[in-house]
$ cat model_1.pdb   # PDB, C-alpha atoms, pLDDT in the B column
ATOM      1  CA  MET A   1     -19.255  27.781 -88.309  1.00 43.00           C
ATOM      2  CA  LYS A   2     -21.545  24.902 -87.381  1.00 44.00           C
ATOM      3  CA  ARG A   3     -22.275  22.436 -90.185  1.00 44.00           C
ATOM      4  CA  ILE A   4     -25.830  21.287 -90.623  1.00 44.00           C
ATOM      5  CA  LYS A   5     -26.142  17.555 -91.068  1.00 48.00           C
ATOM      6  CA  GLU A   6     -28.807  16.327 -93.433  1.00 48.00           C
ATOM      7  CA  GLY A   7     -30.498  14.431 -90.613  1.00 52.00           C
ATOM      8  CA  ASN A   8     -30.998  17.766 -88.855  1.00 50.00           C
ATOM      9  CA  LEU A   9     -32.757  19.386 -91.802  1.00 51.00           C
ATOM     10  CA  LYS A  10     -36.399  19.878 -91.070  1.00 55.00           C
ATOM     11  CA  ILE A  11     -38.591  19.076 -94.046  1.00 54.00           C
ATOM     12  CA  GLU A  12     -41.090  21.729 -92.954  1.00 58.00           C
ATOM     13  CA  HIS A  13     -38.329  24.349 -93.318  1.00 52.00           C
ATOM     14  CA  LEU A  14     -37.462  23.095 -96.796  1.00 54.00           C
ATOM     15  CA  ASN A  15     -41.135  23.117 -97.751  1.00 59.00           C
ATOM     16  CA  LYS A  16     -41.396  26.810 -96.836  1.00 58.00           C
ATOM     17  CA  GLN A  17     -39.196  27.699 -99.822  1.00 60.00           C
ATOM     18  CA  GLU A  18     -42.165  27.459-102.163  1.00 55.00           C
ATOM     19  CA  GLN A  19     -44.099  30.114-100.249  1.00 62.00           C
ATOM     20  CA  HIS A  20     -40.978  32.282-100.004  1.00 53.00           C
ATOM     21  CA  TRP A  21     -40.526  32.348-103.796  1.00 53.00           C
ATOM     22  CA  GLU A  22     -44.230  32.814-104.392  1.00 58.00           C
ATOM     23  CA  ASN A  23     -44.168  35.881-102.124  1.00 58.00           C
ATOM     24  CA  MET A  24     -40.997  37.254-103.719  1.00 58.00           C
ATOM     25  CA  PHE A  25     -42.217  36.860-107.295  1.00 53.00           C
ATOM     26  CA  SER A  26     -45.677  38.216-106.482  1.00 58.00           C
ATOM     27  CA  ASN A  27     -44.308  41.369-104.888  1.00 60.00           C
ATOM     28  CA  ARG A  28     -41.313  42.064-107.152  1.00 58.00           C
ATOM     29  CA  LEU A  29     -42.287  41.553-110.782  1.00 61.00           C
ATOM     30  CA  GLU A  30     -38.742  41.883-112.156  1.00 61.00           C
ATOM     31  CA  MET A  31     -36.836  40.656-109.136  1.00 54.00           C
ATOM     32  CA  PHE A  32     -33.737  39.576-111.087  1.00 55.00           C
ATOM     33  CA  GLY A  33     -34.126  42.078-113.905  1.00 60.00           C
ATOM     34  CA  THR A  34     -35.041  41.501-117.515  1.00 69.00           C
ATOM     35  CA  SER A  35     -31.618  40.783-118.990  1.00 84.00           C
ATOM     36  CA  PRO A  36     -30.682  37.123-119.436  1.00 93.00           C
ATOM     37  CA  SER A  37     -28.179  35.614-117.040  1.00 93.00           C
ATOM     38  CA  LEU A  38     -24.592  35.179-118.171  1.00 95.00           C
ATOM     39  CA  ALA A  39     -25.133  31.418-117.861  1.00 94.00           C
ATOM     40  CA  ALA A  40     -28.033  31.585-120.350  1.00 96.00           C
ATOM     41  CA  GLN A  41     -26.029  33.724-122.757  1.00 97.00           C
ATOM     42  CA  LYS A  42     -23.239  31.157-122.753  1.00 97.00           C
ATOM     43  CA  ALA A  43     -25.684  28.248-122.942  1.00 97.00           C
ATOM     44  CA  VAL A  44     -27.344  29.678-126.071  1.00 97.00           C
ATOM     45  CA  LYS A  45     -24.019  29.580-127.895  1.00 98.00           C
ATOM     46  CA  ILE A  46     -23.452  25.960-126.892  1.00 97.00           C
ATOM     47  CA  PHE A  47     -27.022  24.897-127.663  1.00 97.00           C
ATOM     48  CA  LYS A  48     -26.841  26.481-131.127  1.00 97.00           C
ATOM     49  CA  ARG A  49     -23.467  24.897-131.839  1.00 97.00           C
ATOM     50  CA  GLU A  50     -24.845  21.481-130.821  1.00 96.00           C
ATOM     51  CA  LYS A  51     -28.039  22.096-132.856  1.00 97.00           C
ATOM     52  CA  PHE A  52     -30.266  21.574-129.831  1.00 97.00           C
ATOM     53  CA  THR A  53     -33.833  22.825-130.136  1.00 96.00           C
ATOM     54  CA  ASN A  54     -35.800  21.413-127.206  1.00 97.00           C
ATOM     55  CA  ILE A  55     -34.963  22.710-123.716  1.00 97.00           C
ATOM     56  CA  LEU A  56     -36.297  21.845-120.280  1.00 97.00           C
ATOM     57  CA  GLU A  57     -35.749  24.759-117.925  1.00 96.00           C
ATOM     58  CA  LEU A  58     -35.957  23.994-114.223  1.00 95.00           C
ATOM     59  CA  GLY A  59     -36.694  26.808-111.797  1.00 92.00           C
ATOM     60  CA  PRO A  60     -37.117  29.590-114.368  1.00 93.00           C
ATOM     61  CA  GLY A  61     -38.385  32.058-111.782  1.00 87.00           C
ATOM     62  CA  GLN A  62     -39.871  34.992-113.661  1.00 85.00           C
ATOM     63  CA  GLY A  63     -38.508  33.899-117.017  1.00 93.00           C
ATOM     64  CA  ARG A  64     -35.696  36.233-117.989  1.00 93.00           C
ATOM     65  CA  ASP A  65     -33.700  33.274-119.381  1.00 96.00           C
ATOM     66  CA  THR A  66     -36.817  31.533-120.707  1.00 97.00           C
ATOM     67  CA  ILE A  67     -37.676  34.548-122.842  1.00 96.00           C
ATOM     68  CA  PHE A  68     -34.069  34.829-124.041  1.00 97.00           C
ATOM     69  CA  PHE A  69     -34.005  31.184-125.139  1.00 98.00           C
ATOM     70  CA  ALA A  70     -37.293  31.568-127.008  1.00 98.00           C
ATOM     71  CA  GLN A  71     -36.066  34.760-128.680  1.00 98.00           C
ATOM     72  CA  ASN A  72     -33.190  32.646-129.951  1.00 98.00           C
ATOM     73  CA  GLY A  73     -35.586  30.110-131.483  1.00 97.00           C
ATOM     74  CA  PHE A  74     -35.541  27.352-128.867  1.00 98.00           C
ATOM     75  CA  ASN A  75     -38.620  25.435-127.723  1.00 98.00           C
ATOM     76  CA  LEU A  76     -38.941  25.599-123.948  1.00 96.00           C
ATOM     77  CA  GLN A  77     -40.760  23.684-121.283  1.00 97.00           C
ATOM     78  CA  ALA A  78     -40.378  25.598-118.015  1.00 96.00           C
ATOM     79  CA  LEU A  79     -41.037  23.911-114.651  1.00 95.00           C
ATOM     80  CA  ASP A  80     -41.360  25.880-111.433  1.00 91.00           C
ATOM     81  CA  TYR A  81     -43.328  25.769-108.221  1.00 84.00           C
ATOM     82  CA  SER A  82     -44.072  29.473-108.202  1.00 85.00           C
ATOM     83  CA  LYS A  83     -47.406  30.011-109.893  1.00 88.00           C
ATOM     84  CA  SER A  84     -46.886  33.776-110.001  1.00 85.00           C
ATOM     85  CA  GLY A  85     -43.501  33.258-111.681  1.00 87.00           C
ATOM     86  CA  LEU A  86     -45.063  30.960-114.268  1.00 92.00           C
ATOM     87  CA  ASN A  87     -47.908  33.434-114.841  1.00 91.00           C
ATOM     88  CA  ASN A  88     -45.313  36.157-115.400  1.00 91.00           C
ATOM     89  CA  ILE A  89     -43.556  33.985-118.007  1.00 93.00           C
ATOM     90  CA  THR A  90     -46.848  33.269-119.769  1.00 96.00           C
ATOM     91  CA  GLN A  91     -47.747  36.970-119.877  1.00 93.00           C
ATOM     92  CA  LYS A  92     -44.326  37.907-121.280  1.00 93.00           C
ATOM     93  CA  ALA A  93     -44.495  35.119-123.849  1.00 97.00           C
ATOM     94  CA  ASN A  94     -47.926  36.306-125.001  1.00 97.00           C
ATOM     95  CA  THR A  95     -46.840  39.954-125.157  1.00 96.00           C
ATOM     96  CA  LEU A  96     -43.718  39.092-127.167  1.00 96.00           C
ATOM     97  CA  ASN A  97     -45.506  36.584-129.446  1.00 98.00           C
ATOM     98  CA  LEU A  98     -43.378  33.742-128.110  1.00 98.00           C
ATOM     99  CA  SER A  99     -46.146  31.588-126.648  1.00 97.00           C
ATOM    100  CA  ASN A 100     -45.716  29.065-129.462  1.00 98.00           C
ATOM    101  CA  LEU A 101     -42.194  28.352-128.141  1.00 98.00           C
ATOM    102  CA  ILE A 102     -42.815  28.384-124.378  1.00 98.00           C
ATOM    103  CA  SER A 103     -44.883  26.033-122.228  1.00 97.00           C
ATOM    104  CA  VAL A 104     -44.991  26.321-118.464  1.00 97.00           C
ATOM    105  CA  LYS A 105     -45.890  23.728-115.877  1.00 96.00           C
ATOM    106  CA  TYR A 106     -46.293  23.978-112.118  1.00 93.00           C
ATOM    107  CA  HIS A 107     -44.016  21.362-110.573  1.00 93.00           C
ATOM    108  CA  ASP A 108     -41.783  20.766-107.548  1.00 89.00           C
ATOM    109  CA  VAL A 109     -38.443  19.394-108.832  1.00 90.00           C
ATOM    110  CA  ARG A 110     -38.049  17.404-105.625  1.00 87.00           C
ATOM    111  CA  LYS A 111     -40.529  15.020-107.217  1.00 91.00           C
ATOM    112  CA  SER A 112     -40.134  12.992-110.396  1.00 93.00           C
ATOM    113  CA  ILE A 113     -39.959  15.173-113.522  1.00 95.00           C
ATOM    114  CA  PRO A 114     -43.255  14.614-115.389  1.00 94.00           C
ATOM    115  CA  PHE A 115     -41.888  13.884-118.870  1.00 97.00           C
ATOM    116  CA  ALA A 116     -41.114  10.737-120.792  1.00 97.00           C
ATOM    117  CA  ASP A 117     -37.602   9.361-121.100  1.00 98.00           C
ATOM    118  CA  LYS A 118     -35.312  10.962-123.714  1.00 98.00           C
ATOM    119  CA  THR A 119     -37.659  13.927-124.352  1.00 97.00           C
ATOM    120  CA  PHE A 120     -35.232  16.874-124.242  1.00 98.00           C
ATOM    121  CA  ASP A 121     -32.001  17.871-125.951  1.00 98.00           C
ATOM    122  CA  CYS A 122     -30.844  19.785-122.903  1.00 97.00           C
ATOM    123  CA  CYS A 123     -31.789  20.908-119.435  1.00 97.00           C
ATOM    124  CA  PHE A 124     -30.978  24.389-118.175  1.00 97.00           C
ATOM    125  CA  SER A 125     -31.241  25.785-114.689  1.00 94.00           C
ATOM    126  CA  HIS A 126     -29.746  28.965-113.361  1.00 89.00           C
ATOM    127  CA  MET A 127     -29.195  28.910-109.604  1.00 81.00           C
ATOM    128  CA  LEU A 128     -31.537  25.947-109.007  1.00 83.00           C
ATOM    129  CA  TYR A 129     -28.795  23.905-107.402  1.00 81.00           C
ATOM    130  CA  CYS A 130     -28.242  26.729-104.894  1.00 77.00           C
ATOM    131  CA  MET A 131     -31.642  26.071-103.344  1.00 77.00           C
ATOM    132  CA  ALA A 132     -31.927  23.965-100.195  1.00 75.00           C
ATOM    133  CA  PHE A 133     -32.126  20.307-101.155  1.00 78.00           C
ATOM    134  CA  THR A 134     -31.330  17.160 -99.268  1.00 84.00           C
ATOM    135  CA  THR A 135     -28.762  14.801-100.743  1.00 86.00           C
ATOM    136  CA  LYS A 136     -31.555  12.368-101.646  1.00 89.00           C
ATOM    137  CA  GLU A 137     -33.472  15.124-103.448  1.00 88.00           C
ATOM    138  CA  LEU A 138     -30.372  16.104-105.433  1.00 90.00           C
ATOM    139  CA  GLU A 139     -29.771  12.477-106.357  1.00 93.00           C
ATOM    140  CA  LEU A 140     -33.372  12.111-107.549  1.00 93.00           C
ATOM    141  CA  LEU A 141     -33.167  15.377-109.489  1.00 94.00           C
ATOM    142  CA  SER A 142     -29.958  14.297-111.231  1.00 94.00           C
ATOM    143  CA  LYS A 143     -31.394  10.862-112.004  1.00 96.00           C
ATOM    144  CA  ASN A 144     -34.535  12.458-113.461  1.00 96.00           C
ATOM    145  CA  ILE A 145     -32.591  14.924-115.596  1.00 96.00           C
ATOM    146  CA  ASN A 146     -30.477  12.097-116.964  1.00 97.00           C
ATOM    147  CA  ARG A 147     -33.657  10.133-117.708  1.00 97.00           C
ATOM    148  CA  ILE A 148     -35.390  12.886-119.687  1.00 97.00           C
ATOM    149  CA  LEU A 149     -32.328  13.865-121.734  1.00 98.00           C
ATOM    150  CA  LYS A 150     -31.746  12.407-125.168  1.00 97.00           C
ATOM    151  CA  PHE A 151     -28.479  10.623-125.785  1.00 96.00           C
ATOM    152  CA  GLY A 152     -25.739  13.249-125.910  1.00 95.00           C
ATOM    153  CA  GLY A 153     -27.930  15.824-124.167  1.00 96.00           C
ATOM    154  CA  LEU A 154     -26.561  18.448-121.806  1.00 95.00           C
ATOM    155  CA  ASN A 155     -27.462  19.604-118.345  1.00 94.00           C
TER     156      ASN A 155
END
$ encode --input "model_1.pdb" --output "structure tokens"
Amino acid sequence: MKRIKEGNLKIEHLNKQEQHWENMFSNRLEMFGTSPSLAAQKAVKIFKREKFTNILELGPGQGRDTIFFAQNGFNLQALDYSKSGLNNITQKANTLNLSNLISVKYHDVRKSIPFADKTFDCCFSHMLYCMAFTTKELELLSKNINRILKFGGLN
């Protein structure tokens, strides 16, 4: 198998991911189902034990974990670059009377996270790190997550 070196990555290919997810979420309204991920189920137990209340979710997709967190009483700020995914989350939140716990924001996590330092108790992302990022983008993402987490926060 041929390894791809970061210098060979074409930014235009990486930038096409946004349109890919927009197309997927627009055409398949429950692409990953409605049940929360196992990662979210385990995270809820940890977040409750640690008495966390304020979560930043990165790459929530269509919101199956977002809704689960809100149903468990957490306040969520969800960032994604799929507008149709975010619209889906907003519709679900409104239907389930959870809109007071969920805020969504269109954002590309390859750029600086648009929140003040030490804003969140924890940051959750399911499968975000499986997306195609350059090493520099991953370093920036990690630096930004560390910046927005309160002391003792979890990612």
$ resolve_selection --input "model_1.pdb" --expression "the PyMOL selection byres ((chain A and resi 101-112) around 10)" --output "ChimeraX atom specification"
/A:18,54-60,66-67,69-71,73-83,85-87,89-90,93-94,97-100,113-115,128,133-134,136-141,143-145
$ resolve_selection --input "model_1.pdb" --expression "the PyMOL selection byres ((chain A and resi 127) around 12)" --output "list in words"
Phe32, Ser37, Leu38, Ala39, Ala40, Glu57, Leu58, Gly59, Pro60, Gly61, Asp65, Phe124, Ser125, His126, Leu128, Tyr129, Cys130, Met131 and Ala132 of chain A
$ residues_around --input "model_1.pdb" --residues "Ile148 (chain A)" --least-positions-apart "6" --cutoff "6 Å" --atoms "all atoms listed in the file" --output "PyMOL selection string"
chain A and resi 117-119
$ atom_distance --input "model_1.pdb" --atom1 "CA of Arg49 (chain A)" --atom2 "CA of Ser35 (chain A)"
22.0 Å
$ closest_residue --input "model_1.pdb" --among "A:Phe68, A:Thr95, A:Asn88, A:Ala116" --to "Lys42 (chain A)" --atoms "all atoms listed in the file"
A:Phe68
